[in-house]
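**Q** my_file-v6.pdb is reproduced below (PDB, C-alpha atoms).
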```pdb
ATOM      1  CA  GLU Q   5       4.661 122.620  34.333
ATOM      2  CA  VAL Q   6       4.211 122.513  38.093
ATOM      3  CA  LEU Q   7       5.635 118.983  38.221
ATOM      4  CA  HIS Q   8       8.561 120.057  36.047
ATOM      5  CA  GLN Q   9       9.340 122.961  38.400
ATOM      6  CA  ILE Q  10       9.092 120.670  41.440
ATOM      7  CA  ASP Q  11      11.597 118.274  39.808
ATOM      8  CA  ARG Q  12      13.929 121.183  39.048
ATOM      9  CA  LEU Q  13      13.791 122.461  42.636
ATOM     10  CA  ASP Q  14      14.266 118.941  43.964
ATOM     11  CA  MET Q  15      17.424 118.516  41.871
ATOM     12  CA  ALA Q  16      18.741 121.905  43.028
ATOM     13  CA  ALA Q  17      18.196 120.938  46.675
ATOM     14  CA  LYS Q  18      19.878 117.550  46.138
ATOM     15  CA  ASP Q  19      22.874 119.188  44.429
ATOM     16  CA  LEU Q  20      23.231 121.621  47.309
ATOM     17  CA  LEU Q  21      23.156 118.800  49.862
ATOM     18  CA  ILE Q  22      25.654 116.696  47.895
ATOM     19  CA  TYR Q  23      28.026 119.641  47.660
ATOM     20  CA  ALA Q  24      27.585 120.766  51.270
ATOM     21  CA  ARG Q  25      27.946 117.276  52.784
ATOM     22  CA  PRO Q  26      30.127 115.164  50.493
ATOM     23  CA  LYS Q  27      30.249 111.477  51.336
ATOM     24  CA  PRO Q  28      33.381 109.392  50.873
ATOM     25  CA  PRO Q  29      32.977 106.770  48.141
ATOM     26  CA  GLU Q  30      31.534 103.411  49.195
ATOM     27  CA  ARG Q  31      33.622 101.362  46.799
ATOM     28  CA  THR Q  32      32.508  98.093  45.282
ATOM     29  CA  ARG Q  33      33.539  96.298  42.104
ATOM     30  CA  ILE Q  34      31.544  97.795  39.253
ATOM     31  CA  ASN Q  35      31.609  97.616  35.490
ATOM     32  CA  LEU Q  36      31.645 101.178  34.134
ATOM     33  CA  SER Q  37      30.073  99.956  30.877
ATOM     34  CA  ASN Q  38      26.980  98.820  32.768
ATOM     35  CA  THR Q  39      26.820 102.024  34.817
ATOM     36  CA  LEU Q  40      27.086 104.216  31.730
ATOM     37  CA  ASN Q  41      24.472 102.128  29.883
ATOM     38  CA  ARG Q  42      22.040 102.508  32.813
ATOM     39  CA  THR Q  43      22.682 106.248  32.867
ATOM     40  CA  LEU Q  44      21.960 106.511  29.146
ATOM     41  CA  ILE Q  45      18.685 104.603  29.558
ATOM     42  CA  LEU Q  46      17.559 107.070  32.233
ATOM     43  CA  LEU Q  47      18.681 110.101  30.246
ATOM     44  CA  GLN Q  48      16.888 109.135  27.035
ATOM     45  CA  GLU Q  49      13.683 110.354  28.708
ATOM     46  CA  GLU Q  50      15.133 113.839  29.229
ATOM     47  CA  PRO Q  51      13.747 116.379  26.717
ATOM     48  CA  VAL Q  52      17.225 117.714  25.860
ATOM     49  CA  PHE Q  53      18.233 114.269  24.532
ATOM     50  CA  ARG Q  54      15.427 114.213  21.971
ATOM     51  CA  ASN Q  55      17.358 116.704  19.823
ATOM     52  CA  VAL Q  56      20.853 115.159  19.901
ATOM     53  CA  HIS Q  57      22.491 111.997  18.613
ATOM     54  CA  VAL Q  58      24.366 109.982  21.241
ATOM     55  CA  ILE Q  59      27.270 107.862  20.011
ATOM     56  CA  CYS Q  60      28.881 105.368  22.398
ATOM     57  CA  GLU Q  61      32.150 103.489  22.012
ATOM     58  CA  GLY Q  62      33.766 100.797  24.109
ATOM     59  CA  LEU Q  63      30.659  99.897  26.077
ATOM     60  CA  THR Q  64      30.634  96.256  24.994
ATOM     61  CA  GLU Q  65      33.908  95.559  26.820
ATOM     62  CA  SER Q  66      34.216  95.029  30.566
ATOM     63  CA  HIS Q  67      35.662  98.045  32.384
ATOM     64  CA  THR Q  68      35.871  96.919  36.016
ATOM     65  CA  VAL Q  69      36.897  99.389  38.726
ATOM     66  CA  GLU Q  70      36.536  99.817  42.488
ATOM     67  CA  ALA Q  71      34.164 102.759  42.788
ATOM     68  CA  ASP Q  72      30.967 104.097  44.302
ATOM     69  CA  GLU Q  73      28.438 103.342  41.578
ATOM     70  CA  ALA Q  74      25.896 105.980  42.650
ATOM     71  CA  GLN Q  75      28.571 108.685  42.669
ATOM     72  CA  ILE Q  76      29.960 107.661  39.283
ATOM     73  CA  GLN Q  77      26.432 107.604  37.860
ATOM     74  CA  GLN Q  78      25.998 111.167  39.191
ATOM     75  CA  VAL Q  79      29.143 112.207  37.280
ATOM     76  CA  PHE Q  80      27.936 110.508  34.085
ATOM     77  CA  THR Q  81      24.525 112.169  34.405
ATOM     78  CA  ASN Q  82      25.898 115.666  34.998
ATOM     79  CA  LEU Q  83      28.455 115.463  32.195
ATOM     80  CA  MET Q  84      26.038 113.948  29.656
ATOM     81  CA  LEU Q  85      23.391 116.578  30.451
ATOM     82  CA  ASN Q  86      25.951 119.375  30.089
ATOM     83  CA  ALA Q  87      27.041 117.970  26.733
ATOM     84  CA  ALA Q  88      23.472 117.672  25.457
ATOM     85  CA  HIS Q  89      22.604 121.200  26.612
ATOM     86  CA  ALA Q  90      25.604 122.564  24.707
ATOM     87  CA  CYS Q  91      24.450 121.037  21.410
ATOM     88  CA  LYS Q  92      22.154 122.563  18.878
ATOM     89  CA  GLN Q  93      19.311 120.492  17.476
ATOM     90  CA  GLY Q  94      20.814 117.545  15.613
ATOM     91  CA  GLY Q  95      24.123 117.835  17.484
ATOM     92  CA  HIS Q  96      26.252 114.926  18.647
ATOM     93  CA  VAL Q  97      27.340 113.707  22.071
ATOM     94  CA  ARG Q  98      30.022 111.013  22.119
ATOM     95  CA  CYS Q  99      30.774 108.896  25.141
ATOM     96  CA  ALA Q 100      33.592 106.387  25.220
ATOM     97  CA  LEU Q 101      35.432 104.119  27.621
ATOM     98  CA  GLU Q 102      39.083 103.356  26.930
ATOM     99  CA  HIS Q 103      41.911 101.482  28.667
ATOM    100  CA  PRO Q 104      45.066 103.546  29.089
ATOM    101  CA  ASP Q 105      47.735 102.015  31.368
ATOM    102  CA  GLY Q 106      46.110 100.750  34.570
ATOM    103  CA  ALA Q 107      42.955 102.823  34.344
ATOM    104  CA  VAL Q 108      39.637 103.210  32.605
ATOM    105  CA  ARG Q 109      39.325 106.531  30.796
ATOM    106  CA  VAL Q 110      35.902 108.082  30.429
ATOM    107  CA  ILE Q 111      35.453 110.519  27.546
ATOM    108  CA  ILE Q 112      32.359 112.630  27.011
ATOM    109  CA  GLU Q 113      32.446 115.133  24.192
ATOM    110  CA  ASP Q 114      30.043 117.220  22.190
ATOM    111  CA  ASP Q 115      30.033 119.265  19.013
ATOM    112  CA  GLY Q 116      28.180 122.082  20.727
ATOM    113  CA  THR Q 117      28.883 125.735  21.311
ATOM    114  CA  GLY Q 118      32.062 125.250  23.335
ATOM    115  CA  ILE Q 119      33.093 127.190  26.423
ATOM    116  CA  LYS Q 120      34.748 130.602  26.276
ATOM    117  CA  PRO Q 121      38.183 130.696  27.962
ATOM    118  CA  SER Q 122      36.902 133.418  30.324
ATOM    119  CA  VAL Q 123      34.174 131.011  31.478
ATOM    120  CA  LEU Q 124      36.295 127.841  31.444
ATOM    121  CA  ILE Q 125      38.539 129.137  34.240
ATOM    122  CA  HIS Q 126      35.501 129.374  36.537
ATOM    123  CA  VAL Q 127      33.638 126.125  35.807
ATOM    124  CA  TYR Q 128      34.736 124.399  39.024
ATOM    125  CA  GLU Q 129      33.670 127.310  41.232
ATOM    126  CA  PRO Q 130      30.535 126.486  43.243
ATOM    127  CA  PHE Q 131      27.437 128.397  42.115
ATOM    128  CA  TYR Q 132      29.115 129.730  38.961
ATOM    129  CA  THR Q 133      26.804 129.124  36.012
ATOM    130  CA  THR Q 134      25.939 130.536  32.626
ATOM    131  CA  LYS Q 135      22.642 128.649  32.518
ATOM    132  CA  ALA Q 136      19.419 130.468  33.335
ATOM    133  CA  ARG Q 137      18.241 127.556  35.474
ATOM    134  CA  GLY Q 138      21.535 126.034  36.578
ATOM    135  CA  THR Q 139      22.781 125.768  40.156
ATOM    136  CA  GLY Q 140      26.469 125.982  39.294
ATOM    137  CA  LEU Q 141      27.123 122.840  41.332
ATOM    138  CA  GLY Q 142      27.238 120.139  38.637
ATOM    139  CA  LEU Q 143      30.902 120.420  37.669
ATOM    140  CA  PRO Q 144      32.189 121.118  41.210
ATOM    141  CA  ILE Q 145      30.364 117.958  42.358
ATOM    142  CA  CYS Q 146      31.806 115.954  39.435
ATOM    143  CA  LYS Q 147      35.313 117.206  40.191
ATOM    144  CA  ARG Q 148      35.010 116.291  43.858
ATOM    145  CA  ILE Q 149      33.692 112.785  43.103
ATOM    146  CA  VAL Q 150      36.352 112.057  40.460
ATOM    147  CA  GLU Q 151      39.136 113.238  42.791
ATOM    148  CA  ALA Q 152      37.741 111.097  45.644
ATOM    149  CA  HIS Q 153      38.163 108.124  43.284
ATOM    150  CA  GLY Q 154      41.803 109.022  42.551
ATOM    151  CA  GLY Q 155      41.165 110.695  39.206
ATOM    152  CA  VAL Q 156      41.443 114.123  37.639
ATOM    153  CA  LEU Q 157      38.648 115.751  35.661
ATOM    154  CA  ASP Q 158      39.943 117.510  32.552
ATOM    155  CA  ILE Q 159      37.906 119.833  30.347
ATOM    156  CA  GLN Q 160      39.102 121.017  26.952
ATOM    157  CA  SER Q 161      36.899 123.276  24.904
ATOM    158  CA  GLU Q 162      36.932 125.406  21.802
ATOM    159  CA  VAL Q 163      34.225 127.952  21.107
ATOM    160  CA  GLY Q 164      32.162 126.927  18.091
ATOM    161  CA  THR Q 165      33.684 123.428  17.990
ATOM    162  CA  GLY Q 166      32.667 121.723  21.225
ATOM    163  CA  THR Q 167      33.892 120.389  24.543
ATOM    164  CA  ARG Q 168      35.738 117.232  25.616
ATOM    165  CA  VAL Q 169      35.677 116.051  29.229
ATOM    166  CA  THR Q 170      37.874 113.174  30.365
ATOM    167  CA  PHE Q 171      38.708 111.429  33.615
ATOM    168  CA  ASP Q 172      40.477 108.207  34.579
ATOM    169  CA  ILE Q 173      39.568 105.716  37.295
ATOM    170  CA  PRO Q 174      42.158 103.127  38.366
ATOM    171  CA  GLU Q 175      41.332  99.728  36.893
ATOM    172  CA  GLN Q 176      40.660  96.569  38.935
ATOM    173  CA  LYS Q 177      42.178  93.378  37.629
TER     174      LYS Q 177
END
```
How does this structure look as structure tokens?

**A**
Amino acid sequence: EVLHQIDRLDMAAKDLLIYARPKPPERTRINLSNTLNRTLILLQEEPVFRNVHVICEGLTESHTVEADEAQIQQVFTNLMLNAAHACKQGGHVRCALEHPDGAVRVIIEDDGTGIKPSVLIHVYEPFYTTKARGTGLGLPICKRIVEAHGGVLDIQSEVGTGTRVTFDIPEQK
């Protein structure tokens, strides 16, 4: 339990530093399929993922973009954890990569509790959280990273049905 609490505090301190001192992306050519696969491998050890089914689509194709891999992995991690936390035992988290015109679209959705409209309008506000142990920095950090890569983070949610988060990153040919 002590080690778990140390990890939790460490993550809170890291989130605070990332939000307080954002770094511009150090762009290299990356394959988003590989980055998302690596993220999923790391997350399968998280206790919250033991109770949900993760479904992935489009990860066998190459999705090459110019991006900061560590920052994009941070976005994947935050969004996947949020989705898993929203699900009840046996729930589903779907992640997909698609190719709309000139971009790679990332979709992460769950069939969890959904977000009330009164909460949804505040999700990008720093330190706003409905979680007992949350910092309220996960989504503001994701938004900042996605925008630094030329994208827009979009969240659609319906209470009792689930949440769908999407963002596009310009594609590299």

**Q** Quick one: everything within 9 Å of segment 76-78 of chain Q, counting only C-alpha atoms, minus sequence neighbours fewer than 6 positions away in the same chain. Send it as a list in words.

**A** Leu36, Thr39, Leu40, Arg42, Thr43, Ile145, Cys146, Ile149 and Val150 of chain Q

**Q** Would you kindly return, as an NGL selection string, each protein, DNA or RNA residue with an atom no farther than 8 Å from any atom of Gln160 of chain Q, considering only C-alpha atoms and excluding same-chain residues fewer than 6 positions away?

**A** :Q and (167-169)

**Q** Using only C-alpha atoms, what residues lie at most 6 Å away from (20.7, 114.9, 29.4) (file coordinates), given as an MDAnalysis selection string?

**A** chainID Q and resid 47 50 52:53 84:85 88

**Q** Do a neighbour search on Ile173 of chain Q at 9 Å with all atoms listed in the file, toss out local chain neighbours closer than 5 positions, and write the hits as a list in words.

**A**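 Once the nearby chain positions are removed, what remains is Val69, Glu70, Ala71, Gly106, Ala107, Val108, Arg109, Val110, Val150, His153, Gly154, Gly155 and Val156 of chain Q.
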
**Q** If I take atom CA of Gly95 of chain Q and atom CA of Val56 of chain Q, how far is one from the other in Å, to one decimal?

**A** 4.9 Å

**Q** Taking (35.7, 124.2, 23.5) in the file's own coordinates, collect the residues within 10 Å, counting only C-alpha atoms, and hand them back as an MDAnalysis selection string.

**A** chainID Q and resid 113:121 124 159:169

**Q** Using all atoms listed in the file, pick whichever of Q:Lys135, Q:His67, Q:Lys147, Q:Lys18 has the shortest atom-to-atom distance to Val79 of chain Q.

**A**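 Ranked by minimum distance to Val79 of chain Q, first place goes to Q:Lys147.
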
**Q** From the set Q:Pro28, Q:Thr139, Q:Leu83, Q:Ala74, which residue has the shortest atom-to-atom contact distance to Asp158 of chain Q, counting only C-alpha atoms?

**A** Q:Leu83

**Q** Q:Phe131, Q:His89, Q:Phe80, Q:Gly62: which is nearest Ile112 of chain Q, counting only C-alpha atoms?

**A**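 Closest to Ile112 of chain Q, using only C-alpha atoms: Q:Phe80.
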
**Q** Could you tell me how far atom CA of Thr68 of chain Q lies from atom CA of Gln48 of chain Q, in Å and to one decimal?

**A**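 The value is 24.3 Å.
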
**Q** For a quick check of understanding, using only C-alpha atoms, which of Q:Glu5, Q:Pro174, Q:Tyr128, Q:Glu151 has the smallest distance to Ile34 of chain Q?

**A**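 Selected residue with least distance to Ile34 of chain Q: Q:Pro174.
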
**Q** Please rebuild segment 80-97 of chain Q with N, CA and C atoms and give the result as a compact mmCIF listing (two decimals), keeping the file's coordinate frame.

**A**
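This is the output file result.txt:
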```txt
# COMPACT_ATOMS: atom_id res chain seq x y z
N PHE Q 80 28.40 110.77 35.45
CA PHE Q 80 27.94 110.51 34.08
C PHE Q 80 26.71 111.37 33.74
N THR Q 81 25.76 111.41 34.65
CA THR Q 81 24.52 112.17 34.40
C THR Q 81 24.82 113.65 34.20
N ASN Q 82 25.59 114.24 35.11
CA ASN Q 82 25.90 115.67 35.00
C ASN Q 82 26.64 115.98 33.70
N LEU Q 83 27.65 115.17 33.38
CA LEU Q 83 28.46 115.46 32.20
C LEU Q 83 27.67 115.25 30.90
N MET Q 84 26.85 114.20 30.86
CA MET Q 84 26.04 113.95 29.66
C MET Q 84 24.99 115.05 29.47
N LEU Q 85 24.37 115.49 30.56
CA LEU Q 85 23.39 116.58 30.45
C LEU Q 85 24.06 117.86 29.98
N ASN Q 86 25.23 118.18 30.54
CA ASN Q 86 25.95 119.38 30.09
C ASN Q 86 26.25 119.30 28.60
N ALA Q 87 26.71 118.14 28.15
CA ALA Q 87 27.04 117.97 26.73
C ALA Q 87 25.80 118.15 25.86
N ALA Q 88 24.70 117.55 26.25
CA ALA Q 88 23.47 117.67 25.46
C ALA Q 88 22.96 119.11 25.43
N HIS Q 89 23.05 119.80 26.56
CA HIS Q 89 22.60 121.20 26.61
C HIS Q 89 23.45 122.10 25.72
N ALA Q 90 24.71 121.74 25.52
CA ALA Q 90 25.60 122.56 24.71
C ALA Q 90 25.33 122.42 23.22
N CYS Q 91 24.67 121.33 22.83
CA CYS Q 91 24.45 121.04 21.41
C CYS Q 91 23.23 121.75 20.86
N LYS Q 92 23.32 122.07 19.60
CA LYS Q 92 22.15 122.56 18.88
C LYS Q 92 21.34 121.35 18.45
N GLN Q 93 20.14 121.59 17.96
CA GLN Q 93 19.31 120.49 17.48
C GLN Q 93 20.07 119.72 16.41
N GLY Q 94 20.09 118.39 16.55
CA GLY Q 94 20.81 117.54 15.61
C GLY Q 94 22.28 117.37 15.95
N GLY Q 95 22.73 117.95 17.07
CA GLY Q 95 24.12 117.84 17.48
C GLY Q 95 24.48 116.43 17.94
N HIS Q 96 25.75 116.25 18.27
CA HIS Q 96 26.25 114.93 18.65
C HIS Q 96 26.93 114.96 20.01
N VAL Q 97 26.65 113.94 20.81
CA VAL Q 97 27.34 113.71 22.07
C VAL Q 97 27.99 112.34 21.94
```
